[in-house]
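Source file: entry-v8.pdb (PDB, C-alpha atoms)
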```
ATOM      1  CA  MET A   1     100.909 127.939  26.483
ATOM      2  CA  SER A   2      97.106 127.873  26.288
ATOM      3  CA  TRP A   3      95.055 130.894  27.419
ATOM      4  CA  VAL A   4      91.542 131.159  28.885
ATOM      5  CA  VAL A   5      89.274 134.178  28.383
ATOM      6  CA  SER A   6      86.757 134.732  31.212
ATOM      7  CA  LEU A   7      83.618 136.805  30.738
ATOM      8  CA  GLY A   8      81.712 136.646  34.015
ATOM      9  CA  ASP A   9      81.159 132.935  34.726
ATOM     10  CA  MET A  10      81.743 131.932  31.087
ATOM     11  CA  GLN A  11      85.201 130.705  30.098
ATOM     12  CA  ILE A  12      86.549 130.174  26.580
ATOM     13  CA  ASN A  13      89.826 128.490  25.726
ATOM     14  CA  LEU A  14      91.341 130.936  23.250
ATOM     15  CA  ASP A  15      93.225 128.206  21.350
ATOM     16  CA  GLU A  16      89.976 126.285  20.813
ATOM     17  CA  LEU A  17      88.172 129.438  19.699
ATOM     18  CA  VAL A  18      90.678 130.468  17.055
ATOM     19  CA  THR A  19      91.130 126.938  15.644
ATOM     20  CA  HIS A  20      87.440 125.896  15.700
ATOM     21  CA  GLU A  21      86.293 124.718  12.254
ATOM     22  CA  HIS A  22      83.357 127.195  12.157
ATOM     23  CA  VAL A  23      85.474 130.216  13.151
ATOM     24  CA  GLU A  24      87.240 132.254  10.486
ATOM     25  CA  SER A  25      89.942 134.785  11.345
ATOM     26  CA  LEU A  26      89.209 138.109   9.635
ATOM     27  CA  GLU A  27      92.178 140.030  11.011
ATOM     28  CA  ARG A  28      94.507 139.965  14.000
ATOM     29  CA  TYR A  29      91.917 140.362  16.786
ATOM     30  CA  THR A  30      88.660 139.658  14.923
ATOM     31  CA  TRP A  31      86.877 136.403  14.120
ATOM     32  CA  GLN A  32      83.688 135.537  12.282
ATOM     33  CA  PHE A  33      81.484 132.527  12.952
ATOM     34  CA  LYS A  34      77.997 131.245  12.172
ATOM     35  CA  VAL A  35      75.413 130.058  14.683
ATOM     36  CA  ASP A  36      72.064 128.776  13.400
ATOM     37  CA  GLY A  37      72.770 130.350   9.995
ATOM     38  CA  GLU A  38      73.430 133.821  11.466
ATOM     39  CA  THR A  39      76.902 135.322  10.993
ATOM     40  CA  HIS A  40      78.524 136.886  14.063
ATOM     41  CA  VAL A  41      81.708 138.932  14.367
ATOM     42  CA  LEU A  42      83.711 138.844  17.591
ATOM     43  CA  SER A  43      86.628 141.167  18.361
ATOM     44  CA  LEU A  44      89.016 140.739  21.260
ATOM     45  CA  LEU A  45      90.910 144.023  21.570
ATOM     46  CA  PRO A  46      93.679 145.106  23.919
ATOM     47  CA  ASN A  47      93.025 148.078  26.203
ATOM     48  CA  GLU A  48      94.888 149.730  29.111
ATOM     49  CA  THR A  49      93.759 147.104  31.652
ATOM     50  CA  GLY A  50      93.858 143.942  29.535
ATOM     51  CA  LEU A  51      91.306 143.002  26.896
ATOM     52  CA  GLU A  52      87.776 143.853  25.925
ATOM     53  CA  LEU A  53      85.412 141.709  23.899
ATOM     54  CA  TRP A  54      83.241 143.409  21.288
ATOM     55  CA  TRP A  55      80.177 141.545  20.041
ATOM     56  CA  ARG A  56      76.982 142.945  18.482
ATOM     57  CA  GLY A  57      78.152 146.497  19.146
ATOM     58  CA  GLN A  58      78.542 145.884  22.894
ATOM     59  CA  MET A  59      81.813 145.972  24.820
ATOM     60  CA  TYR A  60      82.393 143.384  27.550
ATOM     61  CA  PRO A  61      85.451 143.522  29.828
ATOM     62  CA  VAL A  62      87.239 140.168  29.924
ATOM     63  CA  HIS A  63      89.999 138.591  31.951
ATOM     64  CA  VAL A  64      92.680 136.511  30.232
ATOM     65  CA  GLU A  65      94.978 134.109  32.055
ATOM     66  CA  PRO A  66      96.935 130.916  31.355
ATOM     67  CA  GLU A  67      94.742 127.797  31.275
ATOM     68  CA  LYS A  68      96.551 126.180  34.236
ATOM     69  CA  ILE A  69      95.953 129.247  36.434
ATOM     70  CA  SER A  70      92.293 129.228  35.389
ATOM     71  CA  ALA A  71      92.031 125.516  36.330
ATOM     72  CA  PHE A  72      93.535 126.213  39.782
ATOM     73  CA  ARG A  73      91.115 129.124  40.289
ATOM     74  CA  GLU A  74      88.145 126.878  39.397
ATOM     75  CA  TYR A  75      89.417 124.117  41.705
ATOM     76  CA  PHE A  76      89.657 126.493  44.680
ATOM     77  CA  LYS A  77      86.261 128.026  43.891
ATOM     78  CA  ILE A  78      84.717 124.530  44.066
ATOM     79  CA  LYS A  79      86.599 123.765  47.313
ATOM     80  CA  GLN A  80      85.283 126.989  48.909
ATOM     81  CA  GLN A  81      81.740 126.232  47.787
ATOM     82  CA  ASN A  82      81.986 122.698  49.178
ATOM     83  CA  ALA A  83      83.325 123.961  52.510
ATOM     84  CA  ALA A  84      80.302 126.247  52.805
ATOM     85  CA  ASP A  85      77.974 123.303  52.073
ATOM     86  CA  GLY A  86      79.407 121.092  54.848
ATOM     87  CA  HIS A  87      80.932 117.816  53.709
ATOM     88  CA  SER A  88      80.219 117.711  49.983
ATOM     89  CA  VAL A  89      81.120 115.151  47.365
ATOM     90  CA  SER A  90      81.754 116.633  43.912
ATOM     91  CA  ALA A  91      82.841 115.064  40.647
ATOM     92  CA  HIS A  92      86.597 115.454  40.215
ATOM     93  CA  MET A  93      86.223 114.816  36.475
ATOM     94  CA  PRO A  94      83.376 114.366  33.974
ATOM     95  CA  GLY A  95      81.868 110.897  34.049
ATOM     96  CA  LEU A  96      78.892 108.561  34.327
ATOM     97  CA  VAL A  97      77.312 107.726  37.701
ATOM     98  CA  THR A  98      77.306 103.918  37.917
ATOM     99  CA  GLN A  99      76.463 103.473  41.621
ATOM    100  CA  VAL A 100      74.899 105.490  44.420
ATOM    101  CA  ASN A 101      75.740 103.565  47.598
ATOM    102  CA  VAL A 102      73.886 105.792  50.084
ATOM    103  CA  GLN A 103      70.414 107.163  50.800
ATOM    104  CA  VAL A 104      69.216 110.443  52.297
ATOM    105  CA  GLY A 105      69.252 110.124  56.095
ATOM    106  CA  GLN A 106      71.908 107.407  56.127
ATOM    107  CA  GLU A 107      74.875 107.828  58.470
ATOM    108  CA  VAL A 108      78.313 107.589  56.867
ATOM    109  CA  LYS A 109      81.827 107.548  58.226
ATOM    110  CA  ARG A 110      84.767 109.467  56.794
ATOM    111  CA  GLY A 111      86.296 107.490  53.914
ATOM    112  CA  GLU A 112      83.175 105.411  53.236
ATOM    113  CA  GLY A 113      82.336 105.022  49.521
ATOM    114  CA  VAL A 114      79.230 106.982  48.557
ATOM    115  CA  ILE A 115      79.143 107.269  44.746
ATOM    116  CA  VAL A 116      80.952 105.505  41.892
ATOM    117  CA  LEU A 117      81.783 107.377  38.675
ATOM    118  CA  GLU A 118      83.004 105.810  35.469
ATOM    119  CA  ALA A 119      85.441 108.037  33.629
ATOM    120  CA  MET A 120      87.837 107.051  30.854
ATOM    121  CA  LYS A 121      86.704 103.397  31.228
ATOM    122  CA  MET A 122      87.765 103.325  34.898
ATOM    123  CA  GLU A 123      85.558 103.246  37.970
ATOM    124  CA  ASN A 124      86.309 105.873  40.605
ATOM    125  CA  GLU A 125      84.772 105.432  44.046
ATOM    126  CA  LEU A 126      84.109 108.806  45.638
ATOM    127  CA  ARG A 127      84.348 108.707  49.423
ATOM    128  CA  ALA A 128      82.812 110.745  52.217
ATOM    129  CA  PRO A 129      85.220 113.553  53.177
ATOM    130  CA  GLY A 130      83.890 113.458  56.740
ATOM    131  CA  SER A 131      81.462 111.602  58.990
ATOM    132  CA  GLY A 132      77.826 112.647  59.114
ATOM    133  CA  VAL A 133      74.366 112.071  57.696
ATOM    134  CA  ILE A 134      73.519 112.155  53.978
ATOM    135  CA  GLU A 135      71.483 115.326  53.566
ATOM    136  CA  LYS A 136      71.094 115.550  49.765
ATOM    137  CA  ILE A 137      71.794 113.361  46.768
ATOM    138  CA  GLN A 138      71.888 115.350  43.553
ATOM    139  CA  VAL A 139      72.367 112.461  41.074
ATOM    140  CA  GLU A 140      71.146 108.989  40.229
ATOM    141  CA  VAL A 141      72.610 106.021  38.398
ATOM    142  CA  GLY A 142      72.957 106.767  34.678
ATOM    143  CA  ASN A 143      73.503 110.534  35.057
ATOM    144  CA  GLN A 144      76.375 112.144  33.138
ATOM    145  CA  VAL A 145      78.126 114.659  35.403
ATOM    146  CA  ASN A 146      80.574 117.489  34.804
ATOM    147  CA  LYS A 147      83.817 118.211  36.614
ATOM    148  CA  GLY A 148      83.052 120.052  39.849
ATOM    149  CA  GLN A 149      79.344 119.125  39.841
ATOM    150  CA  LEU A 150      77.917 118.618  43.339
ATOM    151  CA  LEU A 151      76.856 114.983  43.784
ATOM    152  CA  CYS A 152      75.819 114.786  47.437
ATOM    153  CA  VAL A 153      75.932 116.753  50.689
ATOM    154  CA  ILE A 154      76.749 115.231  54.069
ATOM    155  CA  ARG A 155      75.648 117.098  57.185
ATOM    156  CA  PRO A 156      78.682 116.873  59.496
ATOM    157  CA  ALA A 157      78.372 114.582  62.519
ATOM    158  CA  ASP A 158      78.526 117.479  64.979
ATOM    159  CA  GLU A 159      75.486 119.066  63.259
ATOM    160  CA  ALA A 160      73.561 115.818  62.696
TER     161      ALA A 160
END
```
Do you think you could lay out the structure here as structure tokens?
Amino acid sequence: MSWVVSLGDMQINLDELVTHEHVESLERYTWQFKVDGETHVLSLLPNETGLELWWRGQMYPVHVEPEKISAFREYFKIKQQNAADGHSVSAHMPGLVTQVNVQVGQEVKRGEGVIVLEAMKMENELRAPGSGVIEKIQVEVGNQVNKGQLLCVIRPADEA
């Protein structure tokens, strides 16, 4: 099972951290790594409520959970954010924007294709989740996007 360490909004996959080529395990909960020629020591220590991260003499409380639970949490966070924004279209995976089929001010119907992403050599047409008017377009053709990134906002028809 893979574990994710969360420190505020930052998330680190623990398996990737401890097996990274530039990270050296010093002892059970302590690792050393170099960034821009400077050596850093990071300790992840158990405490009564979970774990704490020690770096540069500072303690930071962290939350550790299985990677799949972390992915679900991120998915629902994005869904909540999108609900607050009206009808939003977000990238469901990292990819390259190959087409933007709408313009600000254009009316769209639910299910109409608005943006095309290329990911893993496949084109994915992202469709309007509801009818309305295109309020914002956050990307253009040629942009690389991350999973969960907001691509466009559609003002719902009843607010248009």
Would you kindly return, as a ChimeraX atom specification, each protein, DNA or RNA residue with an atom no farther than 10 Å from any atom of segment 42-44 of chain A, considering all atoms listed in the file and excluding same-chain residues fewer than 4 positions away?
-> /A:5,23,25-33,51-57,59-62
Nearest residue to Gln149 of chain A from the set A:Gly37, A:Gly50, A:Gly95, A:Pro129 (distances using all atoms listed in the file) =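 When distances to Gln149 of chain A are compared using all atoms listed in the file, the smallest one comes from A:Gly95.
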Could you work out how far atom CA of Ala71 of chain A lies from atom CA of Arg155 of chain A, giving the answer in Å with one decimal?
->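 So the two atoms, atom CA of Arg155 of chain A and atom CA of Ala71 of chain A, lie 27.8 Å apart.
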Output the residue selection produced by the PyMOL selection byres ((chain A and resi 133) around 12) on the file above, formatted as a PyMOL selection string.
-> chain A and resi 86-88+102-110+112+114+128-132+134-137+152-160
Let me know the residues the PyMOL selection byres ((chain A and resi 118) around 6) catches in the file above, as JSON, numbers by chain.
-> {"A": [95, 96, 117, 119, 122, 123]}
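Interatomic distance, atom CA of Gln58 of chain A against atom CA of Ser70 of chain A: 25.0 Å.
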A straight line from atom CA of Thr98 of chain A to atom CA of Gln144 of chain A spans 9.6 Å
Near-Leu126 of chain A list (7 Å; all atoms listed in the file; drop same-chain fewer than 5 positions) as a tab-separated table (two decimals) with C-alpha atoms, in the coordinates of the input:
```tsv
chain	number	residue	atom	x	y	z
A	113	GLY	CA	82.34	105.02	49.52
A	114	VAL	CA	79.23	106.98	48.56
A	115	ILE	CA	79.14	107.27	44.75
A	116	VAL	CA	80.95	105.50	41.89
```
Edge lengths and centre in Å to one decimal, as lines of an AutoDock Vina configuration file, of the axis-aligned box that encloses all listed atoms of segment 101-118 of chain A with 8 Å added on every side?
```
center_x = 77.8
center_y = 107.0
center_z = 47.0
size_x = 33.1
size_y = 22.9
size_z = 39.0
```
Restore N, CA and C atoms in segment 47-72 of chain A and list the result as a PDB file, in the coordinates of the input.
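Wrote part.pdb, looks like this:
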```pdb
ATOM      1  N   ASN A  47      93.252 146.739  25.657  1.00  0.00           N
ATOM      2  CA  ASN A  47      93.025 148.078  26.203  1.00  0.00           C
ATOM      3  C   ASN A  47      94.023 148.304  27.334  1.00  0.00           C
ATOM      4  N   GLU A  48      93.899 149.412  28.078  1.00  0.00           N
ATOM      5  CA  GLU A  48      94.888 149.730  29.111  1.00  0.00           C
ATOM      6  C   GLU A  48      94.886 148.764  30.290  1.00  0.00           C
ATOM      7  N   THR A  49      93.809 148.024  30.510  1.00  0.00           N
ATOM      8  CA  THR A  49      93.759 147.104  31.652  1.00  0.00           C
ATOM      9  C   THR A  49      93.786 145.633  31.251  1.00  0.00           C
ATOM     10  N   GLY A  50      93.841 145.338  29.972  1.00  0.00           N
ATOM     11  CA  GLY A  50      93.858 143.942  29.535  1.00  0.00           C
ATOM     12  C   GLY A  50      93.212 143.803  28.180  1.00  0.00           C
ATOM     13  N   LEU A  51      92.027 143.206  28.156  1.00  0.00           N
ATOM     14  CA  LEU A  51      91.306 143.002  26.896  1.00  0.00           C
ATOM     15  C   LEU A  51      89.839 143.362  27.059  1.00  0.00           C
ATOM     16  N   GLU A  52      89.226 143.673  25.938  1.00  0.00           N
ATOM     17  CA  GLU A  52      87.776 143.853  25.925  1.00  0.00           C
ATOM     18  C   GLU A  52      87.227 143.070  24.742  1.00  0.00           C
ATOM     19  N   LEU A  53      86.065 142.496  24.929  1.00  0.00           N
ATOM     20  CA  LEU A  53      85.412 141.709  23.899  1.00  0.00           C
ATOM     21  C   LEU A  53      84.304 142.568  23.304  1.00  0.00           C
ATOM     22  N   TRP A  54      84.293 142.680  21.988  1.00  0.00           N
ATOM     23  CA  TRP A  54      83.241 143.409  21.288  1.00  0.00           C
ATOM     24  C   TRP A  54      82.411 142.408  20.501  1.00  0.00           C
ATOM     25  N   TRP A  55      81.095 142.428  20.740  1.00  0.00           N
ATOM     26  CA  TRP A  55      80.177 141.545  20.041  1.00  0.00           C
ATOM     27  C   TRP A  55      78.838 142.245  19.946  1.00  0.00           C
ATOM     28  N   ARG A  56      78.267 142.294  18.737  1.00  0.00           N
ATOM     29  CA  ARG A  56      76.982 142.945  18.482  1.00  0.00           C
ATOM     30  C   ARG A  56      76.963 144.393  18.969  1.00  0.00           C
ATOM     31  N   GLY A  57      78.084 145.086  18.776  1.00  0.00           N
ATOM     32  CA  GLY A  57      78.152 146.497  19.146  1.00  0.00           C
ATOM     33  C   GLY A  57      78.286 146.769  20.635  1.00  0.00           C
ATOM     34  N   GLN A  58      78.407 145.732  21.439  1.00  0.00           N
ATOM     35  CA  GLN A  58      78.542 145.884  22.894  1.00  0.00           C
ATOM     36  C   GLN A  58      79.961 145.533  23.304  1.00  0.00           C
ATOM     37  N   MET A  59      80.492 146.264  24.281  1.00  0.00           N
ATOM     38  CA  MET A  59      81.813 145.972  24.820  1.00  0.00           C
ATOM     39  C   MET A  59      81.647 145.249  26.153  1.00  0.00           C
ATOM     40  N   TYR A  60      82.408 144.161  26.324  1.00  0.00           N
ATOM     41  CA  TYR A  60      82.393 143.384  27.550  1.00  0.00           C
ATOM     42  C   TYR A  60      83.828 143.267  28.055  1.00  0.00           C
ATOM     43  N   PRO A  61      84.094 143.702  29.309  1.00  0.00           N
ATOM     44  CA  PRO A  61      85.451 143.522  29.828  1.00  0.00           C
ATOM     45  C   PRO A  61      85.705 142.032  30.072  1.00  0.00           C
ATOM     46  N   VAL A  62      86.893 141.572  29.731  1.00  0.00           N
ATOM     47  CA  VAL A  62      87.239 140.168  29.924  1.00  0.00           C
ATOM     48  C   VAL A  62      88.551 140.052  30.672  1.00  0.00           C
ATOM     49  N   HIS A  63      88.765 138.900  31.235  1.00  0.00           N
ATOM     50  CA  HIS A  63      89.999 138.591  31.951  1.00  0.00           C
ATOM     51  C   HIS A  63      90.659 137.433  31.207  1.00  0.00           C
ATOM     52  N   VAL A  64      91.947 137.562  30.937  1.00  0.00           N
ATOM     53  CA  VAL A  64      92.680 136.511  30.232  1.00  0.00           C
ATOM     54  C   VAL A  64      93.799 136.013  31.130  1.00  0.00           C
ATOM     55  N   GLU A  65      93.909 134.689  31.248  1.00  0.00           N
ATOM     56  CA  GLU A  65      94.978 134.109  32.055  1.00  0.00           C
ATOM     57  C   GLU A  65      95.353 132.741  31.481  1.00  0.00           C
ATOM     58  N   PRO A  66      96.546 132.248  31.829  1.00  0.00           N
ATOM     59  CA  PRO A  66      96.935 130.916  31.355  1.00  0.00           C
ATOM     60  C   PRO A  66      95.936 129.857  31.823  1.00  0.00           C
ATOM     61  N   GLU A  67      95.728 128.842  30.993  1.00  0.00           N
ATOM     62  CA  GLU A  67      94.742 127.797  31.275  1.00  0.00           C
ATOM     63  C   GLU A  67      95.000 127.111  32.619  1.00  0.00           C
ATOM     64  N   LYS A  68      96.257 126.856  32.968  1.00  0.00           N
ATOM     65  CA  LYS A  68      96.551 126.180  34.236  1.00  0.00           C
ATOM     66  C   LYS A  68      96.151 127.037  35.435  1.00  0.00           C
ATOM     67  N   ILE A  69      96.364 128.341  35.351  1.00  0.00           N
ATOM     68  CA  ILE A  69      95.953 129.247  36.434  1.00  0.00           C
ATOM     69  C   ILE A  69      94.428 129.245  36.539  1.00  0.00           C
ATOM     70  N   SER A  70      93.755 129.264  35.399  1.00  0.00           N
ATOM     71  CA  SER A  70      92.293 129.228  35.389  1.00  0.00           C
ATOM     72  C   SER A  70      91.775 127.936  36.034  1.00  0.00           C
ATOM     73  N   ALA A  71      92.435 126.803  35.749  1.00  0.00           N
ATOM     74  CA  ALA A  71      92.031 125.516  36.330  1.00  0.00           C
ATOM     75  C   ALA A  71      92.212 125.530  37.845  1.00  0.00           C
ATOM     76  N   PHE A  72      93.335 126.095  38.333  1.00  0.00           N
ATOM     77  CA  PHE A  72      93.535 126.213  39.782  1.00  0.00           C
ATOM     78  C   PHE A  72      92.454 127.087  40.410  1.00  0.00           C
TER      79      PHE A  72
END
```
